[in-house]
Structures are given as C-alpha cells and as structure tokens.
file input_33.txt (compact mmCIF, C-alpha atoms and all ligand atoms)
# COMPACT_ATOMS: atom_id res chain seq x y z
CA MET F 1 -1.11 13.88 -26.06
CA ARG F 2 1.99 13.10 -24.05
CA GLY F 3 0.75 9.56 -23.41
CA THR F 4 1.92 9.22 -19.81
CA VAL F 5 -0.75 7.04 -18.28
CA LEU F 6 -1.53 5.22 -15.07
CA GLU F 7 -3.74 2.32 -16.08
CA LEU F 8 -5.92 1.08 -13.22
CA ARG F 9 -7.70 -2.27 -13.16
CA PRO F 10 -10.74 -2.65 -10.91
CA ALA F 11 -11.27 -6.26 -11.98
CA ALA F 12 -7.77 -7.15 -10.79
CA LEU F 13 -8.44 -5.43 -7.45
CA ALA F 14 -11.62 -7.48 -7.10
CA HIS F 15 -9.72 -10.65 -7.95
CA ASN F 16 -7.05 -9.93 -5.35
CA ALA F 17 -9.72 -9.16 -2.75
CA ARG F 18 -11.28 -12.56 -3.50
CA ARG F 19 -7.85 -14.11 -2.95
CA ALA F 20 -7.67 -12.40 0.44
CA ARG F 21 -11.15 -13.64 1.29
CA ALA F 22 -10.24 -17.21 0.38
CA LEU F 23 -7.09 -17.05 2.53
CA ALA F 24 -9.03 -15.50 5.42
CA ASP F 25 -11.07 -18.70 5.59
CA GLY F 26 -14.02 -17.19 7.40
CA ALA F 27 -12.30 -14.33 9.24
CA ARG F 28 -13.69 -10.93 8.31
CA VAL F 29 -11.69 -9.10 5.68
CA LEU F 30 -10.93 -5.45 6.01
CA ALA F 31 -9.30 -4.04 2.86
CA MET F 32 -6.75 -1.35 3.60
CA VAL F 33 -7.41 1.59 1.27
CA LYS F 34 -5.43 4.24 3.14
CA ALA F 35 -3.16 6.71 1.32
CA ASN F 36 -5.55 7.08 -1.59
CA GLY F 37 -6.01 3.34 -2.01
CA TYR F 38 -2.24 2.80 -2.05
CA GLY F 39 -2.13 5.42 -4.80
CA HIS F 40 -4.77 3.73 -6.95
CA GLY F 41 -7.48 6.24 -6.01
CA LEU F 42 -9.53 5.91 -2.82
CA GLY F 43 -12.90 5.64 -4.55
CA LEU F 44 -11.65 3.38 -7.30
CA ALA F 45 -10.00 0.94 -4.90
CA ALA F 46 -12.85 0.93 -2.39
CA ARG F 47 -15.57 0.46 -4.99
CA ALA F 48 -13.64 -2.22 -6.87
CA MET F 49 -13.30 -4.32 -3.71
CA ALA F 50 -16.48 -3.35 -1.87
CA ASN F 51 -18.40 -6.51 -2.72
CA GLN F 52 -15.58 -8.85 -1.77
CA VAL F 53 -14.76 -7.51 1.70
CA ASP F 54 -16.46 -6.85 5.04
CA GLY F 55 -14.89 -3.50 5.79
CA LEU F 56 -12.36 -0.87 4.74
CA GLY F 57 -9.30 0.36 6.59
CA VAL F 58 -7.86 3.86 6.45
CA ALA F 59 -5.25 5.74 8.45
CA LEU F 60 -7.06 9.06 8.87
CA LEU F 61 -10.50 10.28 9.63
CA GLU F 62 -10.51 12.45 6.48
CA GLU F 63 -10.15 9.24 4.51
CA ALA F 64 -13.09 7.69 6.37
CA GLN F 65 -15.13 10.82 5.66
CA ALA F 66 -14.25 10.63 1.96
CA LEU F 67 -15.43 7.01 1.86
CA ARG F 68 -18.75 7.97 3.45
CA HIS F 69 -19.12 10.81 0.91
CA LEU F 70 -18.61 8.23 -1.81
CA GLY F 71 -21.59 6.37 -0.37
CA LEU F 72 -19.71 3.44 1.14
CA ALA F 73 -21.59 2.15 4.16
CA HIS F 74 -19.05 -0.52 5.13
CA PRO F 75 -17.54 -0.78 8.59
CA LEU F 76 -14.51 1.53 8.57
CA LEU F 77 -11.40 1.18 10.69
CA VAL F 78 -9.36 4.33 11.31
CA ALA F 79 -5.88 3.09 12.16
CA GLU F 80 -4.48 6.28 13.69
CA GLY F 81 -7.75 7.09 15.42
CA PHE F 82 -8.70 10.64 16.34
CA PHE F 83 -6.32 13.55 16.96
CA ASP F 84 -8.66 15.89 18.87
CA ALA F 85 -12.17 16.21 20.29
CA ASP F 86 -13.67 17.42 16.98
CA GLU F 87 -12.34 14.35 15.24
CA LEU F 88 -13.65 12.12 17.97
CA ARG F 89 -17.16 13.53 17.41
CA LEU F 90 -16.74 13.21 13.65
CA ALA F 91 -15.74 9.55 14.05
CA ALA F 92 -18.95 8.93 15.99
CA ARG F 93 -21.05 10.69 13.30
CA LEU F 94 -19.39 8.64 10.56
CA HIS F 95 -19.89 5.39 12.51
CA ALA F 96 -16.20 4.76 12.03
CA GLU F 97 -14.36 2.33 14.29
CA VAL F 98 -11.30 3.99 15.73
CA VAL F 99 -8.00 2.69 17.00
CA VAL F 100 -6.94 3.98 20.38
CA HIS F 101 -3.21 3.67 20.71
CA SER F 102 -2.27 6.03 23.55
CA PRO F 103 -3.52 7.06 26.98
CA TRP F 104 -3.98 10.66 25.80
CA GLN F 105 -6.73 9.42 23.48
CA VAL F 106 -8.47 7.72 26.40
CA ASP F 107 -8.22 10.99 28.37
CA LEU F 108 -9.81 12.83 25.45
CA LEU F 109 -12.57 10.28 25.16
CA ALA F 110 -13.22 10.36 28.92
CA ALA F 111 -13.59 14.16 28.73
CA ASN F 112 -15.75 13.97 25.57
CA PRO F 113 -17.83 10.80 25.78
CA ALA F 114 -19.22 9.75 22.40
CA PRO F 115 -20.84 6.63 20.96
CA LEU F 116 -17.69 5.08 19.52
CA ASN F 117 -16.51 1.59 18.66
CA VAL F 118 -12.89 1.24 19.65
CA TRP F 119 -9.98 -1.07 18.91
CA LEU F 120 -7.19 -0.98 21.44
CA LYS F 121 -3.75 -1.06 19.90
CA VAL F 122 -1.28 -3.16 21.80
CA ASN F 123 2.45 -2.82 21.34
CA THR F 124 3.79 -6.32 20.90
CA GLY F 125 7.26 -5.42 19.68
CA MET F 126 6.84 -3.07 16.74
CA ASN F 127 7.53 -0.25 19.21
CA ARG F 128 5.74 2.29 17.08
CA LEU F 129 2.07 2.92 17.97
CA GLY F 130 0.34 1.03 20.74
CA MET F 131 0.48 0.39 24.46
CA ALA F 132 2.35 -2.35 26.26
CA PRO F 133 -0.03 -5.05 27.55
CA ASP F 134 -0.15 -3.77 31.15
CA LEU F 135 -0.91 -0.24 30.05
CA ALA F 136 -3.41 -1.50 27.47
CA ARG F 137 -5.18 -3.54 30.15
CA ALA F 138 -5.49 -0.48 32.39
CA GLN F 139 -6.73 1.70 29.53
CA ALA F 140 -9.26 -0.97 28.50
CA ALA F 141 -10.77 -0.72 31.96
CA ARG F 142 -10.96 3.08 31.66
CA LEU F 143 -12.48 2.85 28.17
CA ARG F 144 -15.16 0.50 29.43
CA GLY F 145 -16.16 3.15 31.92
CA VAL F 146 -16.78 5.83 29.27
CA PRO F 147 -20.49 6.10 28.40
CA GLY F 148 -21.15 5.16 24.77
CA VAL F 149 -17.76 3.59 24.16
CA LYS F 150 -17.65 -0.04 23.12
CA LEU F 151 -14.38 -1.92 23.17
CA LEU F 152 -14.52 -4.13 20.09
CA GLY F 153 -11.12 -5.66 20.22
CA VAL F 154 -7.38 -5.67 20.38
CA MET F 155 -5.26 -4.71 17.40
CA ASN F 156 -1.74 -5.90 16.70
CA HIS F 157 0.58 -4.91 13.86
CA PHE F 158 3.38 -7.27 12.80
CA SER F 159 6.84 -5.82 12.35
CA CYS F 160 8.51 -8.68 10.47
CA ALA F 161 5.86 -10.94 8.92
CA ASP F 162 7.35 -10.24 5.48
CA LEU F 163 10.86 -11.36 6.41
CA HIS F 164 12.10 -14.77 5.33
CA ASP F 165 13.52 -15.43 8.79
CA ASP F 166 10.84 -13.79 10.85
CA PRO F 167 12.03 -13.29 14.42
CA HIS F 168 8.95 -11.61 15.92
CA SER F 169 5.55 -12.71 14.67
CA ASP F 170 5.04 -15.77 16.88
CA ALA F 171 5.65 -13.78 20.05
CA GLN F 172 3.63 -10.81 18.79
CA LEU F 173 0.62 -12.99 18.02
CA ALA F 174 0.85 -14.79 21.35
CA MET F 175 0.98 -11.51 23.26
CA ALA F 176 -1.91 -9.87 21.41
CA GLY F 177 -3.99 -13.06 21.50
CA ALA F 178 -3.53 -13.41 25.26
CA LEU F 179 -4.68 -9.84 25.85
CA ALA F 180 -7.74 -10.24 23.60
CA ARG F 181 -8.73 -13.44 25.41
CA GLU F 182 -8.25 -11.86 28.80
CA LEU F 183 -10.38 -8.86 27.86
CA GLY F 184 -12.95 -11.11 26.15
CA VAL F 185 -12.81 -9.16 22.89
CA ALA F 186 -11.97 -9.78 19.24
CA LEU F 187 -8.47 -9.73 17.75
CA THR F 188 -7.23 -8.23 14.50
CA ALA F 189 -3.62 -9.00 13.72
CA ALA F 190 -2.77 -9.93 10.13
CA ASN F 191 -1.46 -7.75 7.34
CA SER F 192 -0.96 -9.27 3.86
CA ALA F 193 2.22 -11.13 4.77
CA ALA F 194 0.70 -12.73 7.86
CA LEU F 195 -2.57 -13.51 6.10
CA ILE F 196 -0.73 -15.42 3.38
CA ARG F 197 1.76 -17.08 5.65
CA TYR F 198 0.31 -17.65 9.10
CA PRO F 199 -3.16 -19.23 9.18
CA GLU F 200 -3.08 -18.94 12.97
CA ALA F 201 -2.87 -15.13 12.68
CA ARG F 202 -6.24 -14.76 10.92
CA ALA F 203 -8.08 -14.32 14.22
CA ASP F 204 -11.37 -12.37 13.86
CA ARG F 205 -10.40 -9.82 11.24
CA VAL F 206 -7.57 -9.60 8.75
CA ARG F 207 -6.25 -6.33 7.32
CA PRO F 208 -4.55 -6.97 3.99
CA GLY F 209 -3.20 -4.06 2.02
CA ILE F 210 -0.39 -4.57 -0.46
CA MET F 211 -1.53 -7.96 -1.76
CA LEU F 212 -4.79 -6.33 -2.91
CA TYR F 213 -2.72 -4.07 -5.13
CA GLY F 214 -1.05 -6.98 -6.91
CA SER F 215 2.29 -6.88 -5.13
CA SER F 216 3.97 -9.60 -3.14
CA PRO F 217 4.83 -8.86 0.48
CA PHE F 218 7.75 -11.29 0.16
CA ALA F 219 11.09 -10.76 -1.57
CA TRP F 220 11.31 -14.49 -2.36
CA ARG F 221 7.82 -15.08 -3.83
CA SER F 222 6.40 -13.17 -6.78
CA ALA F 223 2.89 -11.75 -6.98
CA ALA F 224 2.18 -14.10 -9.91
CA GLU F 225 3.17 -17.10 -7.77
CA LEU F 226 0.66 -15.89 -5.18
CA ASP F 227 -2.04 -15.64 -7.88
CA LEU F 228 -2.27 -11.87 -7.49
CA ARG F 229 -3.14 -9.80 -10.55
CA VAL F 230 -1.58 -6.56 -11.73
CA THR F 231 -3.81 -3.68 -10.62
CA GLU F 232 -1.77 -0.79 -11.94
CA ARG F 233 0.28 -0.33 -15.11
CA PHE F 234 2.40 2.79 -15.47
CA ARG F 235 3.27 3.61 -19.07
CA ALA F 236 4.65 6.43 -21.19
CA ARG F 237 5.92 7.05 -24.72
CA LEU F 238 9.22 7.44 -26.49
CA ILE F 239 9.48 11.06 -27.60
CA ALA F 240 12.97 10.99 -29.12
CA ILE F 241 15.61 8.48 -30.18
CA ASN F 242 19.20 9.69 -30.35
CA PRO F 243 22.45 8.07 -31.45
CA ILE F 244 25.23 7.81 -28.92
CA GLN F 245 28.94 7.10 -29.23
CA ALA F 246 31.31 5.20 -26.98
CA GLY F 247 32.27 7.37 -24.03
CA ASP F 248 29.28 9.73 -24.34
CA SER F 249 27.41 10.40 -21.13
CA VAL F 250 23.66 10.71 -20.73
CA GLY F 251 21.68 13.05 -18.49
CA TYR F 252 22.33 15.22 -15.44
CA GLY F 253 25.57 14.62 -13.65
CA ALA F 254 26.86 12.39 -16.48
CA THR F 255 26.32 9.38 -14.21
CA TRP F 256 26.26 6.85 -17.09
CA ARG F 257 28.53 6.50 -20.12
CA ALA F 258 28.08 4.37 -23.22
CA ASP F 259 30.76 1.72 -23.70
CA GLY F 260 30.02 1.54 -27.44
CA PRO F 261 27.86 3.16 -30.13
CA GLY F 262 24.14 2.81 -29.61
CA ARG F 263 20.72 4.45 -29.37
CA ILE F 264 19.15 6.22 -26.43
CA GLY F 265 15.39 6.53 -26.11
CA VAL F 266 13.90 9.52 -24.33
CA VAL F 267 10.70 8.63 -22.44
CA ALA F 268 8.09 11.21 -21.41
CA VAL F 269 7.95 10.38 -17.71
CA GLY F 270 10.01 11.62 -14.79
CA TYR F 271 9.95 12.24 -11.09
CA GLY F 272 7.36 14.96 -11.69
CA ASP F 273 5.07 12.08 -12.60
CA GLY F 274 6.15 9.98 -9.66
CA TYR F 275 8.77 7.75 -11.25
CA PRO F 276 11.50 7.54 -8.58
CA ARG F 277 14.44 9.85 -9.18
CA HIS F 278 16.70 7.51 -7.26
CA ALA F 279 16.09 4.66 -9.76
CA PRO F 280 19.64 3.66 -10.75
CA SER F 281 20.94 2.91 -14.24
CA GLY F 282 19.95 -0.69 -14.93
CA THR F 283 16.44 -0.43 -13.50
CA PRO F 284 14.26 -2.59 -15.77
CA LEU F 285 11.54 -1.24 -18.06
CA ALA F 286 9.96 -2.50 -21.26
CA VAL F 287 9.83 -0.85 -24.69
CA ASN F 288 7.13 -2.38 -26.87
CA GLY F 289 7.08 -5.31 -24.48
CA GLN F 290 10.85 -5.83 -24.77
CA ARG F 291 12.82 -5.64 -21.55
CA THR F 292 15.57 -3.07 -21.40
CA ARG F 293 17.07 -0.72 -18.83
CA LEU F 294 17.10 2.81 -17.61
CA VAL F 295 20.37 4.67 -18.19
CA GLY F 296 21.40 7.97 -16.64
CA ARG F 297 19.57 10.07 -14.09
CA VAL F 298 15.79 10.41 -14.05
CA SER F 299 14.77 14.04 -14.65
CA MET F 300 11.53 15.79 -13.77
CA ASP F 301 9.74 15.15 -17.07
CA MET F 302 11.88 12.57 -18.83
CA LEU F 303 14.05 9.55 -18.44
CA THR F 304 16.41 7.79 -20.83
CA VAL F 305 16.59 4.15 -21.86
CA ASP F 306 19.04 1.91 -23.63
CA LEU F 307 17.60 0.93 -27.03
CA ASN F 308 20.45 -1.31 -28.14
CA GLY F 309 18.92 -4.43 -29.64
CA ILE F 310 15.41 -3.04 -29.13
CA ASP F 311 12.94 -2.57 -31.97
CA ALA F 312 11.53 0.91 -31.27
CA ARG F 313 10.26 4.09 -32.92
CA VAL F 314 9.27 7.49 -31.61
CA GLY F 315 5.75 7.23 -30.20
CA ASP F 316 6.17 3.64 -29.04
CA GLU F 317 5.05 2.58 -25.59
CA VAL F 318 7.30 2.13 -22.59
CA GLU F 319 6.09 0.24 -19.52
CA LEU F 320 7.57 1.51 -16.27
CA TRP F 321 5.83 -1.21 -14.26
CA GLY F 322 2.87 -3.49 -14.83
CA ASP F 323 2.56 -6.65 -16.90
CA VAL F 324 6.06 -7.17 -18.30
CA ILE F 325 7.97 -5.50 -15.48
CA PRO F 326 6.50 -6.38 -12.06
CA VAL F 327 6.33 -3.38 -9.74
CA ASP F 328 8.21 -5.44 -7.16
CA GLU F 329 11.17 -5.75 -9.53
CA VAL F 330 11.33 -1.97 -10.00
CA ALA F 331 11.05 -1.48 -6.24
CA ALA F 332 13.92 -3.90 -5.60
CA ALA F 333 16.11 -2.15 -8.19
CA CYS F 334 15.38 1.18 -6.50
CA GLY F 335 16.00 -0.11 -2.98
CA THR F 336 12.41 0.56 -1.95
CA ILE F 337 9.04 -1.21 -1.78
CA SER F 338 6.07 -1.22 -4.12
CA TYR F 339 4.05 0.68 -1.48
CA GLU F 340 6.24 3.71 -1.97
CA LEU F 341 6.18 3.52 -5.77
CA PHE F 342 2.37 3.27 -5.75
CA CYS F 343 1.95 6.15 -3.33
CA GLN F 344 4.33 8.45 -5.15
CA VAL F 345 2.69 8.56 -8.58
CA THR F 346 1.66 12.19 -8.86
CA ALA F 347 -1.57 13.67 -10.22
CA ARG F 348 0.09 14.36 -13.58
CA PRO F 349 -0.21 11.01 -15.39
CA VAL F 350 -3.63 10.54 -16.96
CA ARG F 351 -5.70 7.90 -15.15
CA VAL F 352 -7.28 5.33 -17.42
CA ILE F 353 -9.58 2.62 -16.11
CA ALA F 354 -8.87 -0.68 -17.82
CA GLU F 355 -10.15 -4.21 -17.33
C1 LIG F 401 -2.54 -0.86 10.75
C2 LIG F 401 -2.30 -1.52 9.44
N1 LIG F 401 -2.92 -2.65 9.14
C3 LIG F 401 -2.73 -3.28 7.95
C4 LIG F 401 -1.88 -2.77 7.01
C5 LIG F 401 -1.69 -3.50 5.72
O1 LIG F 401 -0.38 -3.94 5.55
P1 LIG F 401 0.09 -4.58 4.17
O2 LIG F 401 -0.09 -3.51 3.15
O3 LIG F 401 1.52 -4.90 4.40
O4 LIG F 401 -0.77 -5.74 3.93
C6 LIG F 401 -1.20 -1.58 7.28
C7 LIG F 401 -0.25 -1.05 6.31
O5 LIG F 401 0.83 -0.64 6.58
C8 LIG F 401 -1.42 -0.95 8.53
O6 LIG F 401 -0.78 0.19 8.83

call {"tool": "encode", "arguments": {"input": "input_33.txt", "output": "structure tokens"}}
result
Amino acid sequence: MRGTVLELRPAALAHNARRARALADGARVLAMVKANGYGHGLGLAARAMANQVDGLGVALLEEAQALRHLGLAHPLLVAEGFFDADELRLAARLHAEVVVHSPWQVDLLAANPAPLNVWLKVNTGMNRLGMAPDLARAQAARLRGVPGVKLLGVMNHFSCADLHDDPHSDAQLAMAGALARELGVALTAANSAALIRYPEARADRVRPGIMLYGSSPFAWRSAAELDLRVTERFRARLIAINPIQAGDSVGYGATWRADGPGRIGVVAVGYGDGYPRHAPSGTPLAVNGQRTRLVGRVSMDMLTVDLNGIDARVGDEVELWGDVIPVDEVAAACGTISYELFCQVTARPVRVIAE
C-alpha cells in the first residue's frame, strides 16, 4: 500500500460544532458543509455535526439533494439558490430554504410559484452576490406577492471579518440589520470570523464554515488558541532516501540546490493527490513528528523533503498537515487559505475515519 491517507475525525468536527454553538449563544447554528464538507466528505461532515447544529448550509441544490438522500432532515440553506425553474421545483420538494440574490430569480419564481422559504441576499459592500437595499426592498415586496413563497429573512455576507483591521463589517451589519428590521424578518449575517469576533453579528442564525474544520479564520490567532480541533490529517510515506551533494539540484526545473551534503526523502504524495504544486521550498511538513521542509518542486505523485538532522527510514510517515503542522501554516507558506487546501485533496488518497 502506498500509504497516502486523508485521516478524518468526526469527533473533532462535533467538538468544533459545539464551539460554534457556545459562541452563538442562543442564535441558531447552520453548519456550512458546501463543497463536499470543505473537502471532508459531505456525508461525513454533515453526520458528524448533525446533533450539534440546527441546520446545514450548502451552495448548490445538488448538495441539498445529496443531504436529503443521506437521510438528513435538517433545515437546509442553499446559498446560491436555484438556477432555473426545474431547480426551483426541486428546492420546494426538498424543503430547502433558498437564497434569492437577483431580480431574475424573483421573475422566475413569479412565473413558477412554488411553496418555498426564501432568504433575500442583500449586498452590503461585498459587491458579489446580492441586491442593494433599495432593490432588495422592492424585490421583497414582489416575493411577498408570490403564492406559496415565504420570506424568512435577510442574508448578509461579510467581506472582511477575518481581517485584523476590518474596514467593512460594522457598516455591513448595520445595513443588513436595518433592512431586516424594516421588513420584519430574521437576519443571518455571521461567518466563522464574525461569529468568533462580533457578538453583535450573531443575529438569528449564524453560518460558520471554516472553524468547524479546525482552521482559524484569522492570520493572527491559531486554531488551537480558539480551542478548535484538527479534523483532517493528510499523511504519506517516505518511499526513497537519497544522498545529495553540495550544488546538486532536486526535482523539475532544478528550482532548489543543496548548499552542502545531505539526504533527500521522497514522499509518495503530489499534486495528483491534492497537495498544492505551488508549495514553495521551505513549506513545513513533519517526518516522524519532526518538523522539516519541502525542497524542490512538487510533482504529480511525489514530493521531496530535506532529511538533514531528521531520524527517518523508508516507510516512515510524513505529515503534510494535521497535528504537528497546522493546515493554516501550510496555507500561509503557499500563499493560500486552508479552504483551498481542504477542497483540493483529490479522490486518490485513501480516506480513513479516525477519532
Ligand atoms: C454564504 C456563506 N455563508 C457562510 C460561509 C462560511 O464562511 P466561513 O467558512 O468563512 O466561516 C460561506 C463560505 O464562504 C458562505 O459562502
């Protein structure tokens, strides 16, 4: 066996969901499980957290359908809503709550009335999905005229709640809150960063994602400091150990050269498994629990590590991220975020459920 494994921890997911519940302080908690449970597996993530949360959030209707097929009867929020009339009818059959973000969706609903619970997405400064307050107000009135449609609330998404110097969230919350009050409906505003940081943003429902997967939304506070547990450990094995001389290069493009004699470990994991190809030399990993670094370019099936000063033999374990090397540290070294690392692990590594 190659030994390239994605270890998944349902108990850690449940713990992190309990953390979210405690922070929510009475607001309903909707666990975001979109994009295959942030790469952890839709069913695994949803089932692990099902007892700790009040609902589940997905981006697409297919994801909502998959959750219903898995037997999950929770309230479901579909963040991108429906794309056509068939989907609109499917949403009604699945009893999924849908986000309406654009007037064309209201047109579609008006032409195809269905018993649907709707959240109206207001654009408060993210300038991605959602309608400006005036437009949202007008569309709310139209929605209320569609037979079967119930306007549950207003939805906001923060653009900068994870930034140390956050320039937007106060104004975003004020704008969304004012609209919800005016329309006399509920408000959902907070992602993980806002849930942890802004008690005033809890409103009626919170929508944490990344914190549930054991990653910190903040560059300046670790997941451990936030009492979040590791939910995913990516590991592989050393399949060769080779001597190297000063001046020798390693890997495609000869991007790294040894400045003295040493040993290079070859690890059976590459971008074909979802380890990022753009990880630079120096990215941390752990061999037998000892921290060391990636050297040279990541290839499809392999990567190479510096074994100088490391006690290691062929067959030994290498942690790409998990307990010794926090995923957030790997993400920072790669100039990305844990979300992307989680989502990019391919189907190739063997999934192992661990406690
Ligand atoms: C609409 C919506 N709500 C909540 C979240 C959860 O955000 P986070 O994973 O940063 O907690 C996301 C994720 O991007 C989202 O798109």

call {"tool": "closest_residue", "arguments": {"input": "input_33.txt", "among": "F:Met302, F:Val100, F:Leu152, F:Ala48", "to": "ligand LIG 401 (chain F)", "atoms": "all atoms listed in the file"}}
result
F:Val100

call {"tool": "closest_residue", "arguments": {"input": "input_33.txt", "among": "F:His69, F:Arg233, F:His15, F:His101", "to": "F:Val53", "atoms": "all atoms listed in the file"}}
result
F:His15

call {"tool": "residues_near_point", "arguments": {"input": "input_33.txt", "point": "(16.1, 4.0, -28.3)", "cutoff": "12 Å", "atoms": "only C-alpha atoms", "output": "NGL selection string"}}
result
:F and (237-244 or 261-267 or 286-288 or 290 or 292-295 or 303-318)

call {"tool": "residues_near_point", "arguments": {"input": "input_33.txt", "point": "(0.9, -16.4, 5.2)", "cutoff": "12 Å", "atoms": "all atoms listed in the file", "output": "PyMOL selection string"}}
result
chain F and resi 20+23-24+161-164+166+169+190-202+206+208+211+216-218+221+226

call {"tool": "write_last_selection", "arguments": {"input": "input_33.txt", "atoms": "C-alpha atoms", "output": "mmCIF file, in the coordinates of the input"}}
result
data_model
loop_
_atom_site.group_PDB
_atom_site.id
_atom_site.type_symbol
_atom_site.label_atom_id
_atom_site.label_comp_id
_atom_site.auth_asym_id
_atom_site.auth_seq_id
_atom_site.Cartn_x
_atom_site.Cartn_y
_atom_site.Cartn_z
ATOM 1 C CA ALA F 20 -7.670 -12.400 0.440
ATOM 2 C CA LEU F 23 -7.090 -17.050 2.530
ATOM 3 C CA ALA F 24 -9.030 -15.500 5.420
ATOM 4 C CA ALA F 161 5.860 -10.940 8.920
ATOM 5 C CA ASP F 162 7.350 -10.240 5.480
ATOM 6 C CA LEU F 163 10.860 -11.360 6.410
ATOM 7 C CA HIS F 164 12.100 -14.770 5.330
ATOM 8 C CA ASP F 166 10.840 -13.790 10.850
ATOM 9 C CA SER F 169 5.550 -12.710 14.670
ATOM 10 C CA ALA F 190 -2.770 -9.930 10.130
ATOM 11 C CA ASN F 191 -1.460 -7.750 7.340
ATOM 12 C CA SER F 192 -0.960 -9.270 3.860
ATOM 13 C CA ALA F 193 2.220 -11.130 4.770
ATOM 14 C CA ALA F 194 0.700 -12.730 7.860
ATOM 15 C CA LEU F 195 -2.570 -13.510 6.100
ATOM 16 C CA ILE F 196 -0.730 -15.420 3.380
ATOM 17 C CA ARG F 197 1.760 -17.080 5.650
ATOM 18 C CA TYR F 198 0.310 -17.650 9.100
ATOM 19 C CA PRO F 199 -3.160 -19.230 9.180
ATOM 20 C CA GLU F 200 -3.080 -18.940 12.970
ATOM 21 C CA ALA F 201 -2.870 -15.130 12.680
ATOM 22 C CA ARG F 202 -6.240 -14.760 10.920
ATOM 23 C CA VAL F 206 -7.570 -9.600 8.750
ATOM 24 C CA PRO F 208 -4.550 -6.970 3.990
ATOM 25 C CA MET F 211 -1.530 -7.960 -1.760
ATOM 26 C CA SER F 216 3.970 -9.600 -3.140
ATOM 27 C CA PRO F 217 4.830 -8.860 0.480
ATOM 28 C CA PHE F 218 7.750 -11.290 0.160
ATOM 29 C CA ARG F 221 7.820 -15.080 -3.830
ATOM 30 C CA LEU F 226 0.660 -15.890 -5.180
#

call {"tool": "closest_residue", "arguments": {"input": "input_33.txt", "among": "F:Ala189, F:Ala85, F:Leu67, F:Leu42", "to": "ligand LIG 401 (chain F)", "atoms": "only C-alpha atoms and all ligand atoms"}}
result
F:Ala189

call {"tool": "closest_residue", "arguments": {"input": "input_33.txt", "among": "F:Gln52, F:Thr188, F:Thr4, F:Asn117", "to": "F:Val345", "atoms": "only C-alpha atoms"}}
result
F:Thr4

call {"tool": "atom_distance", "arguments": {"input": "input_33.txt", "atom1": "atom CA of F:Pro113", "atom2": "atom CA of F:Leu56"}}
result
24.7 Å

call {"tool": "residues_around", "arguments": {"input": "input_33.txt", "residues": "F:Met155", "least_positions_apart": "3", "cutoff": "9 Å", "atoms": "only C-alpha atoms", "output": "list in words"}}
result
Val99, Trp119, Leu120, Lys121, Val122, Asn123, Gly130, Ala176, Ala180, Ala186, Leu187, Thr188 and Ala189 of chain F

call {"tool": "closest_residue", "arguments": {"input": "input_33.txt", "among": "F:Arg277, F:Arg257, F:Arg291, F:Lys34", "to": "ligand LIG 401 (chain F)", "atoms": "all atoms listed in the file"}}
result
F:Lys34

call {"tool": "atom_distance", "arguments": {"input": "input_33.txt", "atom1": "atom CA of F:Arg19", "atom2": "atom CA of F:Arg207"}}
result
13.0 Å

call {"tool": "residues_around", "arguments": {"input": "input_33.txt", "residues": "F:Ser338", "least_positions_apart": "6", "cutoff": "10 Å", "atoms": "only C-alpha atoms", "output": "PyMOL selection string"}}
result
chain F and resi 38+210+213-217+326-332+344

call {"tool": "closest_residue", "arguments": {"input": "input_33.txt", "among": "F:Ile353, F:Leu108, F:Leu72, F:Ala141", "to": "F:Leu13", "atoms": "all atoms listed in the file"}}
result
F:Ile353

call {"tool": "residues_around", "arguments": {"input": "input_33.txt", "residues": "F:Arg144", "least_positions_apart": "3", "cutoff": "12 Å", "atoms": "all atoms listed in the file", "output": "VMD selection string"}}
result
chain F and resid 106 109 to 110 113 115 to 120 137 to 141 147 to 153 183 185

call {"tool": "atom_distance", "arguments": {"input": "input_33.txt", "atom1": "atom CA of F:Tyr275", "atom2": "atom CA of F:Thr336"}}
result
12.3 Å
